[in-house]
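As stored in start-v7.txt (compact mmCIF, C-alpha atoms):
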```
# COMPACT_ATOMS: atom_id res chain seq x y z
CA MET K 1450 0.00 0.00 0.00
CA ASP K 1451 1.23 3.51 -0.75
CA ILE K 1452 2.57 5.15 2.42
CA PHE K 1453 0.68 8.40 1.87
CA ASP K 1454 -2.57 6.52 1.16
CA ARG K 1455 -2.15 4.60 4.41
CA VAL K 1456 -1.51 7.64 6.63
CA SER K 1457 -4.32 9.57 4.94
CA ALA K 1458 -6.78 6.75 5.62
CA ASN K 1459 -5.65 6.05 9.18
CA ARG K 1460 -4.84 9.32 10.93
CA GLY K 1461 -4.20 7.80 14.37
CA PRO K 1462 -6.26 7.95 17.60
CA LEU K 1463 -5.92 11.72 17.99
CA GLY K 1464 -5.94 12.65 14.31
CA SER K 1465 -9.18 10.73 13.77
CA GLN K 1466 -10.95 13.35 15.91
CA SER K 1467 -9.40 16.35 14.18
CA HIS K 1468 -12.50 17.14 12.12
CA TYR K 1469 -14.04 18.71 15.22
CA ALA K 1470 -11.15 18.89 17.70
CA HIS K 1471 -8.66 20.96 15.70
CA GLY K 1472 -8.47 24.56 16.88
CA TYR K 1473 -10.53 23.92 20.00
CA PHE K 1474 -9.56 20.77 21.90
CA ALA K 1475 -6.37 20.23 19.87
CA PHE K 1476 -4.07 23.02 18.71
CA PRO K 1477 -6.09 25.77 20.46
CA LYS K 1478 -4.81 29.35 20.21
CA LEU K 1479 -4.32 31.31 23.42
CA GLU K 1480 -3.63 34.94 22.56
CA GLY K 1481 -2.28 37.97 24.40
CA GLN K 1482 0.49 38.30 26.98
CA ILE K 1483 1.35 35.14 28.94
CA ASN K 1484 -0.72 35.57 32.09
CA PRO K 1485 -3.38 33.64 33.99
CA ARG K 1486 -6.02 35.46 31.95
CA MET K 1487 -5.67 35.32 28.17
CA LEU K 1488 -7.89 35.35 25.10
CA PHE K 1489 -9.34 32.20 23.54
CA ARG K 1490 -11.43 32.63 20.40
CA GLY K 1491 -12.01 36.27 21.32
CA LYS K 1492 -13.08 35.65 24.93
CA GLU K 1493 -11.07 36.13 28.12
CA VAL K 1494 -10.38 32.86 29.93
CA LEU K 1495 -8.67 31.98 33.18
CA THR K 1496 -6.03 29.55 31.98
CA TRP K 1497 -4.49 26.67 33.92
CA SER K 1498 -2.58 25.12 31.02
CA LEU K 1499 0.75 26.98 30.96
CA ASN K 1500 3.88 25.57 32.62
CA ASN K 1501 4.95 29.06 33.62
CA TYR K 1502 5.42 27.81 37.20
CA LEU K 1503 7.32 30.77 38.64
CA GLY K 1504 5.73 33.47 36.50
CA LEU K 1505 8.96 34.35 34.70
CA ALA K 1506 7.49 34.45 31.17
CA ASN K 1507 6.45 38.08 31.50
CA HIS K 1508 8.83 39.18 34.25
CA PRO K 1509 10.11 42.65 33.25
CA GLU K 1510 13.76 41.74 33.88
CA VAL K 1511 13.37 38.60 31.77
CA ARG K 1512 11.70 40.49 28.95
CA GLN K 1513 14.50 43.07 29.01
CA ALA K 1514 17.21 40.39 29.03
CA ASP K 1515 15.57 38.76 26.01
CA ILE K 1516 15.47 42.12 24.24
CA ASP K 1517 19.08 42.91 25.11
CA GLY K 1518 20.26 39.49 23.96
CA ALA K 1519 18.50 39.87 20.61
CA THR K 1520 19.72 43.45 20.18
CA ASP K 1521 23.35 42.65 21.01
CA TYR K 1522 23.68 39.36 19.16
CA GLY K 1523 20.67 38.62 16.93
CA MET K 1524 19.17 35.13 16.69
CA ALA K 1525 21.87 33.77 14.38
CA TYR K 1526 24.88 34.08 16.72
CA PRO K 1527 26.76 31.84 17.28
CA MET K 1528 26.67 30.13 13.91
CA GLY K 1529 27.30 26.40 13.65
CA ALA K 1530 27.37 23.52 16.11
CA ARG K 1531 29.26 24.17 19.34
CA ILE K 1532 31.87 21.54 18.54
CA MET K 1533 32.80 23.39 15.33
CA SER K 1534 32.15 27.12 15.57
CA GLY K 1535 29.17 27.70 17.88
CA ASN K 1536 30.74 27.86 21.33
CA SER K 1537 30.96 31.02 23.47
CA THR K 1538 32.00 32.24 26.90
CA ASN K 1539 28.33 32.78 27.77
CA HIS K 1540 27.41 29.19 26.87
CA GLU K 1541 30.16 27.93 29.17
CA ARG K 1542 29.22 30.39 31.91
CA LEU K 1543 25.61 29.22 31.82
CA GLU K 1544 26.69 25.57 32.06
CA ASN K 1545 28.90 26.32 35.08
CA GLU K 1546 26.16 28.27 36.86
CA LEU K 1547 23.57 25.56 36.17
CA ALA K 1548 25.88 22.82 37.47
CA ASP K 1549 26.49 24.82 40.64
CA PHE K 1550 22.77 25.47 41.11
CA VAL K 1551 21.75 21.80 40.86
CA GLN K 1552 24.74 20.71 42.95
CA LYS K 1553 26.43 18.57 40.32
CA PRO K 1554 30.07 18.74 39.12
CA GLY K 1555 29.23 19.37 35.46
CA ALA K 1556 26.43 20.38 33.08
CA LEU K 1557 25.89 20.36 29.32
CA LEU K 1558 23.54 22.74 27.52
CA LEU K 1559 21.01 21.15 25.15
CA ASN K 1560 19.10 22.79 22.32
CA PHE K 1561 15.76 21.14 23.15
CA GLY K 1562 14.37 19.02 25.95
CA TYR K 1563 12.60 16.21 24.10
CA GLN K 1564 15.43 15.78 21.60
CA GLY K 1565 17.97 15.98 24.42
CA VAL K 1566 16.55 13.09 26.44
CA VAL K 1567 16.32 10.88 23.35
CA SER K 1568 19.92 11.65 22.47
CA ILE K 1569 21.29 11.19 26.00
CA ILE K 1570 19.88 7.67 26.15
CA ASP K 1571 21.17 6.89 22.67
CA ALA K 1572 24.68 8.09 23.60
CA LEU K 1573 24.89 6.36 26.99
CA VAL K 1574 23.97 2.74 26.26
CA SER K 1575 25.42 0.09 23.96
CA ARG K 1576 23.84 -3.11 22.67
CA HIS K 1577 25.44 -4.95 25.60
CA ASP K 1578 23.62 -2.77 28.16
CA ALA K 1579 20.11 -3.08 29.58
CA ILE K 1580 17.61 -0.30 30.26
CA VAL K 1581 15.02 -0.55 33.06
CA TYR K 1582 12.42 2.24 32.97
CA ASP K 1583 9.19 3.36 34.63
CA ALA K 1584 6.00 2.46 32.75
CA GLU K 1585 4.67 6.03 32.96
CA SER K 1586 7.82 7.66 31.60
CA HIS K 1587 7.41 10.65 29.29
CA ALA K 1588 7.30 10.07 25.55
CA CYS K 1589 10.85 11.42 25.13
CA ILE K 1590 12.14 8.61 27.37
CA ILE K 1591 10.08 6.02 25.51
CA ASP K 1592 11.45 7.21 22.19
CA GLY K 1593 14.99 7.16 23.54
CA VAL K 1594 14.50 3.62 24.80
CA ARG K 1595 13.21 2.59 21.35
CA LEU K 1596 16.58 3.53 19.87
CA HIS K 1597 18.37 1.14 22.22
CA GLN K 1598 19.80 -1.86 20.38
CA GLY K 1599 20.00 -3.97 23.53
CA LYS K 1600 17.37 -5.28 25.94
CA ARG K 1601 14.91 -3.09 27.80
CA PHE K 1602 12.69 -3.90 30.76
CA VAL K 1603 9.75 -1.85 32.05
CA PHE K 1604 8.63 -1.73 35.69
CA ASN K 1605 5.18 -0.77 36.97
CA HIS K 1606 4.88 2.90 37.84
CA ASN K 1607 6.69 3.69 41.10
CA ASP K 1608 6.48 0.00 42.08
CA MET K 1609 9.75 -0.92 43.78
CA ALA K 1610 8.94 -4.66 43.88
CA SER K 1611 8.39 -4.57 40.12
CA LEU K 1612 11.61 -2.59 39.65
CA GLU K 1613 13.58 -5.12 41.68
CA LYS K 1614 12.16 -7.97 39.63
CA GLN K 1615 13.17 -6.25 36.38
CA LEU K 1616 16.61 -5.47 37.79
CA GLU K 1617 17.10 -9.17 38.51
CA ARG K 1618 16.23 -9.95 34.88
CA ALA K 1619 18.52 -7.20 33.63
CA LYS K 1620 21.39 -8.38 35.82
CA ARG K 1621 21.15 -11.93 34.54
CA LEU K 1622 21.44 -10.54 31.04
CA THR K 1623 24.33 -8.14 31.69
CA ASP K 1624 26.24 -10.85 33.58
CA GLU K 1625 26.32 -12.64 30.22
CA THR K 1626 26.95 -9.63 27.96
CA GLY K 1627 29.36 -7.77 30.21
CA GLY K 1628 27.24 -4.63 29.88
CA GLY K 1629 25.72 -2.29 32.45
CA ILE K 1630 22.23 -1.33 33.61
CA LEU K 1631 20.63 2.11 33.25
CA VAL K 1632 17.50 2.82 35.32
CA ILE K 1633 15.38 5.67 33.96
CA THR K 1634 12.55 7.44 35.74
CA GLU K 1635 11.16 10.93 36.26
CA GLY K 1636 11.50 13.31 39.16
CA MET K 1637 8.00 14.74 38.82
CA PHE K 1638 5.57 12.92 36.53
CA GLY K 1639 3.85 15.54 34.41
CA MET K 1640 0.41 13.92 34.16
CA SER K 1641 -0.21 12.45 37.61
CA GLY K 1642 1.96 14.85 39.61
CA ASN K 1643 3.55 11.89 41.41
CA LEU K 1644 7.20 12.09 42.40
CA GLY K 1645 9.54 9.32 41.34
CA LYS K 1646 10.68 7.15 44.27
CA LEU K 1647 14.24 8.34 43.93
CA PRO K 1648 15.49 7.50 47.46
CA GLU K 1649 14.15 3.95 47.17
CA ILE K 1650 15.76 3.52 43.75
CA VAL K 1651 19.07 4.86 45.07
CA GLU K 1652 18.87 2.36 47.93
CA LEU K 1653 18.58 -0.50 45.42
CA LYS K 1654 22.03 0.42 44.10
CA LYS K 1655 23.43 -1.34 47.17
CA LYS K 1656 21.97 -4.61 45.87
CA PHE K 1657 22.30 -4.10 42.11
CA ASP K 1658 25.05 -2.44 40.14
CA PHE K 1659 23.34 0.21 37.99
CA ARG K 1660 23.22 3.91 37.14
CA ILE K 1661 20.19 6.22 37.43
CA PHE K 1662 19.08 8.78 34.84
CA VAL K 1663 16.24 11.08 35.95
CA ASP K 1664 14.12 13.39 33.80
CA ASP K 1665 13.27 16.27 36.15
CA ALA K 1666 11.69 18.66 33.68
CA HIS K 1667 8.89 19.70 36.06
CA GLY K 1668 10.92 19.57 39.28
CA PHE K 1669 13.50 22.19 38.30
CA GLY K 1670 12.63 25.49 40.00
CA THR K 1671 9.57 24.12 41.81
CA LEU K 1672 10.95 21.57 44.29
CA GLY K 1673 13.77 21.52 46.81
CA ALA K 1674 15.06 24.00 49.37
CA THR K 1675 16.78 26.03 46.63
CA GLY K 1676 14.65 24.95 43.66
CA ALA K 1677 17.25 22.47 42.42
CA GLY K 1678 14.55 19.87 41.86
CA THR K 1679 13.09 16.59 43.01
CA ALA K 1680 16.37 14.97 44.07
CA GLU K 1681 17.10 17.92 46.35
CA HIS K 1682 13.54 17.81 47.69
CA LEU K 1683 13.90 14.09 48.48
CA GLY K 1684 17.43 14.41 49.83
CA CYS K 1685 19.21 12.14 47.35
CA ILE K 1686 21.11 14.37 44.91
CA GLU K 1687 24.39 12.51 45.41
CA GLY K 1688 22.80 9.13 44.71
CA VAL K 1689 21.19 10.20 41.42
CA ASP K 1690 23.87 9.86 38.76
CA LEU K 1691 22.52 11.92 35.88
CA ILE K 1692 19.66 14.43 35.83
CA PHE K 1693 17.97 16.18 32.90
CA TYR K 1694 16.25 19.54 33.26
CA THR K 1695 14.38 21.68 30.72
CA PHE K 1696 14.04 25.45 30.32
CA ALA K 1697 10.46 25.01 29.05
CA LYS K 1698 8.78 24.97 32.48
CA SER K 1699 10.05 27.13 35.35
CA MET K 1700 12.50 28.99 33.09
CA ALA K 1701 9.73 29.82 30.57
CA SER K 1702 12.09 29.55 27.63
CA ILE K 1703 13.63 27.10 25.13
CA GLY K 1704 16.54 24.76 25.80
CA ALA K 1705 17.60 22.27 28.44
CA PHE K 1706 20.62 20.81 30.21
CA VAL K 1707 21.90 17.59 31.72
CA ALA K 1708 24.00 17.46 34.90
CA GLY K 1709 26.22 14.82 36.47
CA GLU K 1710 29.82 13.70 36.89
CA GLU K 1711 32.29 15.76 34.87
CA SER K 1712 33.64 12.70 33.04
CA VAL K 1713 30.13 11.67 31.95
CA ILE K 1714 29.21 15.21 30.90
CA GLU K 1715 32.42 15.42 28.89
CA TYR K 1716 31.57 12.11 27.21
CA LEU K 1717 28.10 13.40 26.29
CA ARG K 1718 29.58 16.66 25.01
CA TYR K 1719 31.58 14.72 22.41
CA ASN K 1720 29.07 11.94 21.68
CA MET K 1721 25.52 13.35 21.70
CA ARG K 1722 24.56 13.34 18.03
CA SER K 1723 21.70 15.81 18.55
CA GLN K 1724 24.21 18.39 19.77
CA ILE K 1725 27.23 17.58 17.59
CA PHE K 1726 25.19 17.80 14.39
CA ALA K 1727 22.92 20.72 15.32
CA LYS K 1728 23.31 24.48 15.52
CA SER K 1729 24.27 25.91 18.89
CA LEU K 1730 21.62 27.39 21.20
CA PRO K 1731 21.17 31.01 19.97
CA MET K 1732 22.82 33.63 22.17
CA PRO K 1733 19.61 35.52 23.13
CA LEU K 1734 18.30 32.27 24.67
CA VAL K 1735 21.56 31.85 26.60
CA ILE K 1736 21.52 35.45 27.86
CA GLY K 1737 17.85 35.05 28.79
CA ALA K 1738 18.57 31.80 30.63
CA LEU K 1739 21.30 33.47 32.70
CA LYS K 1740 18.81 36.10 33.85
CA ARG K 1741 16.12 33.51 34.59
CA LEU K 1742 18.54 31.44 36.65
CA GLU K 1743 19.59 34.55 38.58
CA LEU K 1744 15.95 35.25 39.45
CA ILE K 1745 15.27 31.67 40.52
CA ARG K 1746 18.38 31.72 42.74
CA ASN K 1747 17.69 35.10 44.33
CA HIS K 1748 13.91 35.08 44.68
CA PRO K 1749 12.65 32.06 46.64
CA GLU K 1750 9.43 34.00 47.16
CA TYR K 1751 8.38 33.07 43.60
CA ARG K 1752 8.49 29.40 44.55
CA GLU K 1753 6.74 30.13 47.85
CA LYS K 1754 3.93 31.97 46.03
CA LEU K 1755 3.55 29.02 43.64
CA TRP K 1756 3.12 26.63 46.55
CA THR K 1757 0.62 28.94 48.27
CA VAL K 1758 -1.55 28.69 45.15
CA VAL K 1759 -0.92 24.93 44.83
CA ARG K 1760 -2.01 24.23 48.41
CA ALA K 1761 -5.11 26.39 48.04
CA LEU K 1762 -6.14 24.76 44.75
CA GLN K 1763 -5.47 21.18 45.74
CA GLY K 1764 -6.84 21.58 49.26
CA GLY K 1765 -9.98 23.29 47.98
CA LEU K 1766 -10.61 20.61 45.35
CA ARG K 1767 -10.16 17.80 47.87
CA GLU K 1768 -12.45 19.59 50.34
CA LYS K 1769 -15.19 19.66 47.68
CA GLY K 1770 -14.79 15.93 47.09
CA PHE K 1771 -12.80 15.97 43.85
CA ASN K 1772 -10.38 13.17 43.10
CA ILE K 1773 -6.96 14.67 42.33
CA GLY K 1774 -5.10 11.37 42.58
CA THR K 1775 -1.88 11.19 44.56
CA THR K 1776 -0.14 14.31 43.28
CA GLU K 1777 2.80 15.55 45.35
CA SER K 1778 3.61 18.47 43.10
CA PRO K 1779 2.04 21.54 41.46
CA VAL K 1780 0.61 19.32 38.69
CA THR K 1781 -3.05 18.94 39.61
CA PRO K 1782 -5.09 16.27 37.78
CA VAL K 1783 -8.84 16.28 38.38
CA LEU K 1784 -10.23 12.81 37.64
CA LEU K 1785 -13.86 12.40 36.61
CA ASN K 1786 -15.93 9.53 35.21
CA GLY K 1787 -17.22 9.88 31.67
CA GLU K 1788 -16.76 9.11 28.01
CA LEU K 1789 -15.18 11.19 25.25
CA SER K 1790 -18.49 12.91 24.46
CA ASP K 1791 -18.87 13.91 28.12
CA ALA K 1792 -15.29 15.18 28.21
CA THR K 1793 -15.67 17.42 25.18
CA ALA K 1794 -19.02 18.82 26.28
CA LEU K 1795 -17.78 19.48 29.81
CA THR K 1796 -14.66 21.22 28.52
CA PHE K 1797 -16.75 23.30 26.12
CA ASP K 1798 -18.97 24.36 29.03
CA LEU K 1799 -15.96 25.30 31.17
CA ARG K 1800 -14.46 27.44 28.43
CA GLU K 1801 -17.57 29.06 26.97
CA ASN K 1802 -19.79 29.52 30.02
CA HIS K 1803 -17.34 29.72 32.92
CA GLY K 1804 -14.26 31.18 31.25
CA ILE K 1805 -11.99 28.41 32.56
CA PHE K 1806 -9.34 26.99 30.20
CA CYS K 1807 -7.54 23.81 31.22
CA SER K 1808 -6.15 20.83 29.36
CA ILE K 1809 -8.34 17.79 28.75
CA VAL K 1810 -6.81 14.30 28.78
CA VAL K 1811 -8.74 11.25 27.56
CA TYR K 1812 -8.13 7.67 26.41
CA PRO K 1813 -5.56 6.33 25.52
CA VAL K 1814 -3.55 8.54 27.92
CA VAL K 1815 -5.97 7.61 30.72
CA PRO K 1816 -8.17 4.50 30.90
CA LYS K 1817 -11.50 4.37 29.07
CA GLY K 1818 -14.29 5.92 31.10
CA VAL K 1819 -11.93 8.42 32.78
CA ILE K 1820 -11.70 12.15 32.08
CA MET K 1821 -8.67 14.02 33.36
CA LEU K 1822 -8.70 17.81 33.57
CA ARG K 1823 -5.08 18.86 34.14
CA LEU K 1824 -4.46 22.10 36.03
CA ILE K 1825 -1.06 23.81 36.24
CA PRO K 1826 -0.96 26.42 39.03
CA THR K 1827 1.62 29.20 38.77
CA ALA K 1828 2.99 31.96 40.98
CA MET K 1829 0.94 34.41 38.89
CA HIS K 1830 -2.43 32.93 39.88
CA THR K 1831 -4.35 34.43 42.80
CA LEU K 1832 -6.46 32.87 45.52
CA ASP K 1833 -9.50 34.48 43.87
CA ASP K 1834 -8.59 32.58 40.68
CA VAL K 1835 -8.57 29.38 42.75
CA GLN K 1836 -12.02 30.01 44.22
CA GLU K 1837 -13.49 30.92 40.84
CA THR K 1838 -12.15 27.70 39.33
CA ILE K 1839 -13.35 25.43 42.13
CA ALA K 1840 -16.85 26.93 41.89
CA ALA K 1841 -16.91 26.29 38.14
CA PHE K 1842 -15.73 22.71 38.65
CA GLU K 1843 -18.51 22.10 41.16
CA THR K 1844 -21.09 23.24 38.60
CA VAL K 1845 -19.81 21.13 35.71
CA ALA K 1846 -19.29 18.07 37.92
CA ALA K 1847 -22.94 18.24 39.00
CA LYS K 1848 -24.03 18.36 35.34
CA LEU K 1849 -21.76 15.42 34.53
CA ASP K 1850 -23.26 13.37 37.35
CA LYS K 1851 -26.76 14.06 35.97
CA GLY K 1852 -25.74 12.83 32.51
CA LEU K 1853 -26.43 16.19 30.88
CA TYR K 1854 -23.25 16.34 28.81
CA SER K 1855 -23.88 13.11 26.93
CA LYS K 1856 -26.83 14.86 25.30
CA THR K 1857 -24.82 17.92 24.19
CA PRO K 1858 -23.75 18.07 20.49
CA VAL K 1859 -20.37 19.81 20.90
CA ALA K 1860 -18.74 19.06 17.54
CA SER K 1861 -20.88 21.46 15.55
CA GLN K 1862 -20.35 24.27 18.07
CA THR K 1863 -16.56 24.14 18.05
CA ALA K 1864 -16.08 24.15 14.28
```
Whole structure, structure tokens version:
Amino acid sequence: MDIFDRVSANRGPLGSQSHYAHGYFAFPKLEGQINPRMLFRGKEVLTWSLNNYLGLANHPEVRQADIDGATDYGMAYPMGARIMSGNSTNHERLENELADFVQKPGALLLNFGYQGVVSIIDALVSRHDAIVYDAESHACIIDGVRLHQGKRFVFNHNDMASLEKQLERAKRLTDETGGGILVITEGMFGMSGNLGKLPEIVELKKKFDFRIFVDDAHGFGTLGATGAGTAEHLGCIEGVDLIFYTFAKSMASIGAFVAGEESVIEYLRYNMRSQIFAKSLPMPLVIGALKRLELIRNHPEYREKLWTVVRALQGGLREKGFNIGTTESPVTPVLLNGELSDATALTFDLRENHGIFCSIVVYPVVPKGVIMLRLIPTAMHTLDDVQETIAAFETVAAKLDKGLYSKTPVASQTA
């Protein structure tokens, strides 16, 4: 069959709904300055879908640093990959400051987060090695694992008995191949809000010989005494061998970095194909990242404000009887019972009649019959925003319980 004919006929589980979802439930356009209240299809909405955890996206010093970086250097500088002609003193300064902030000996800047994780995994393991990873790992980890030419074993989410069982299988294999074992998990899981059981995994290193790689995209800036992330929060930074962080969440920018032992960072610097064969991170993004890191270091009150909003939102939802799972982080999933038609109608009601914009998650990301509304609190939200949102959720939950949404034809209204 012709490849284009096949993909045109079978557009995938999400693409099959695009005839009514596109522009509303998928690829929506939020317009205006990045703030809790923005415009959606011409109407102001209170949005809970932006990972602007610390409110830095529109911070005046950040905006000015971005302007200055673009004015002084333009988006083209430095030209070329860092290994050839794209290195600079500012790139190296940022790496040194990031390593110091997350309490690791070395750090390597990455152009993008998703691409970075895939490439780190690809560079680290050989066909003789085994990977053991959490079942709820982010797609970037899954795609990195797919590139692995050796064996891979998956353990049930945050289940240490399952992890130990898979480690036993991996060890039997690597005893034969002479390879090593890489355990991969997340610091803060972006859908459930759970924290990875990093101390328990570190403890298993006493029984099994392996290394740990942690994706802490959501933990950077939000967790820990200084904001260094989940490992700092859980008191196990030294035991976690390699940690990835992105600029796309708390830093409100583009780029990422990986931190660990200097020898490992140096190896990655010379062996990560996504960095060796790609243009260097543009200088305005580097200058902007230096300013963002300065603000995160010097203003713990941003993180404190975030957690004030988080506690109010999560406590208020629980008090009203909502199921928000077992989140231990700012990520706030609200779990409801219903089908896809209920989910779309409920979301339409929230946006059009209550002015509340949040992300909707349905099967296959969550089980059939489950609707997840995912809220991301930020330091820019207010306690009034929290109360307004909880009141709206009470109203739509009551309608859902009465079966009113299953009778609502949403598709024609969103076109």
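Considering all atoms listed in the file, the residue among K:Tyr1812, K:Tyr1502, K:Phe1561, K:Tyr1469 positioned nearest to Ile1825 (chain K) is K:Tyr1502.
Going from CA of Ala1572 (chain K) over to CA of Tyr1716 (chain K), you cover 8.8 Å.
Counting all atoms listed in the file, the residue from K:Leu1616, K:Ala1519, K:Ala1470, K:Leu1734 that sits nearest to Ser1790 (chain K) is K:Ala1470.
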Quiz item: Using only C-alpha atoms, which residue out of K:Phe1474, K:Gly1529, K:Ser1778, K:Leu1557 lies closest to Asn1545 (chain K)?
Solution: K:Leu1557
Give me the residues near region 1640-1649 of chain K as a short mmCIF file (atom, residue, chain, number, x, y, z; two decimals) with C-alpha atoms, keeping the file's coordinate frame, where near means some atom within 8 Å (using all atoms listed in the file) and where sequence neighbours in that chain fewer than 3 positions away do not count.
```
data_model
loop_
_atom_site.label_atom_id
_atom_site.label_comp_id
_atom_site.auth_asym_id
_atom_site.auth_seq_id
_atom_site.Cartn_x
_atom_site.Cartn_y
_atom_site.Cartn_z
CA ASN K 1607 6.69 3.69 41.10
CA MET K 1609 9.75 -0.92 43.78
CA THR K 1634 12.55 7.44 35.74
CA GLU K 1635 11.16 10.93 36.26
CA GLY K 1636 11.50 13.31 39.16
CA MET K 1637 8.00 14.74 38.82
CA GLU K 1652 18.87 2.36 47.93
CA LEU K 1653 18.58 -0.50 45.42
CA THR K 1679 13.09 16.59 43.01
CA ALA K 1680 16.37 14.97 44.07
CA LEU K 1683 13.90 14.09 48.48
CA GLY K 1684 17.43 14.41 49.83
CA CYS K 1685 19.21 12.14 47.35
CA GLY K 1688 22.80 9.13 44.71
CA VAL K 1689 21.19 10.20 41.42
CA GLY K 1774 -5.10 11.37 42.58
CA THR K 1775 -1.88 11.19 44.56
CA THR K 1776 -0.14 14.31 43.28
CA GLU K 1777 2.80 15.55 45.35
CA SER K 1778 3.61 18.47 43.10
CA PRO K 1779 2.04 21.54 41.46
CA VAL K 1780 0.61 19.32 38.69
CA THR K 1781 -3.05 18.94 39.61
CA PRO K 1782 -5.09 16.27 37.78
CA ARG K 1823 -5.08 18.86 34.14
#
```
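The space between CA of Leu1739 (chain K) and CA of Leu1558 (chain K) spans 12.1 Å.
Shortest atom-to-atom contact with Thr1793 (chain K) among K:Ser1586, K:Asn1539, K:Gln1763, K:Gln1466: K:Gln1466, counting all atoms listed in the file.
If only C-alpha atoms are the atoms counted, then among K:Tyr1854, K:Phe1693, K:Trp1497, K:Phe1659 the closest residue to Thr1623 (chain K) is K:Phe1659.
Atom pair CA of Glu1493 (chain K) / CA of Asn1802 (chain K) has a distance of 11.1 Å (rounded to one decimal).
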Exercise. Write out as a ChimeraX atom specification each polymer residue whose atoms come within 10 Å of Gln1482 (chain K), counting only C-alpha atoms; drop sequence neighbours fewer than 6 positions from it.
Key: /K:1488,1506-1507
Exercise. Within 10 Å of Ile1661 (chain K), counting all atoms listed in the file, which residues show up once you throw out same-chain ones fewer than 2 positions away? Write them as a ChimeraX atom specification, please.
Key: /K:1581-1582,1630-1634,1647,1650-1651,1654,1659,1663,1688-1692
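Candidate residues K:Ile1703, K:Ala1708, K:Leu1596, K:Ala1530 were compared for distance to Ala1738 (chain K), and the nearest is K:Ile1703, using all atoms listed in the file.
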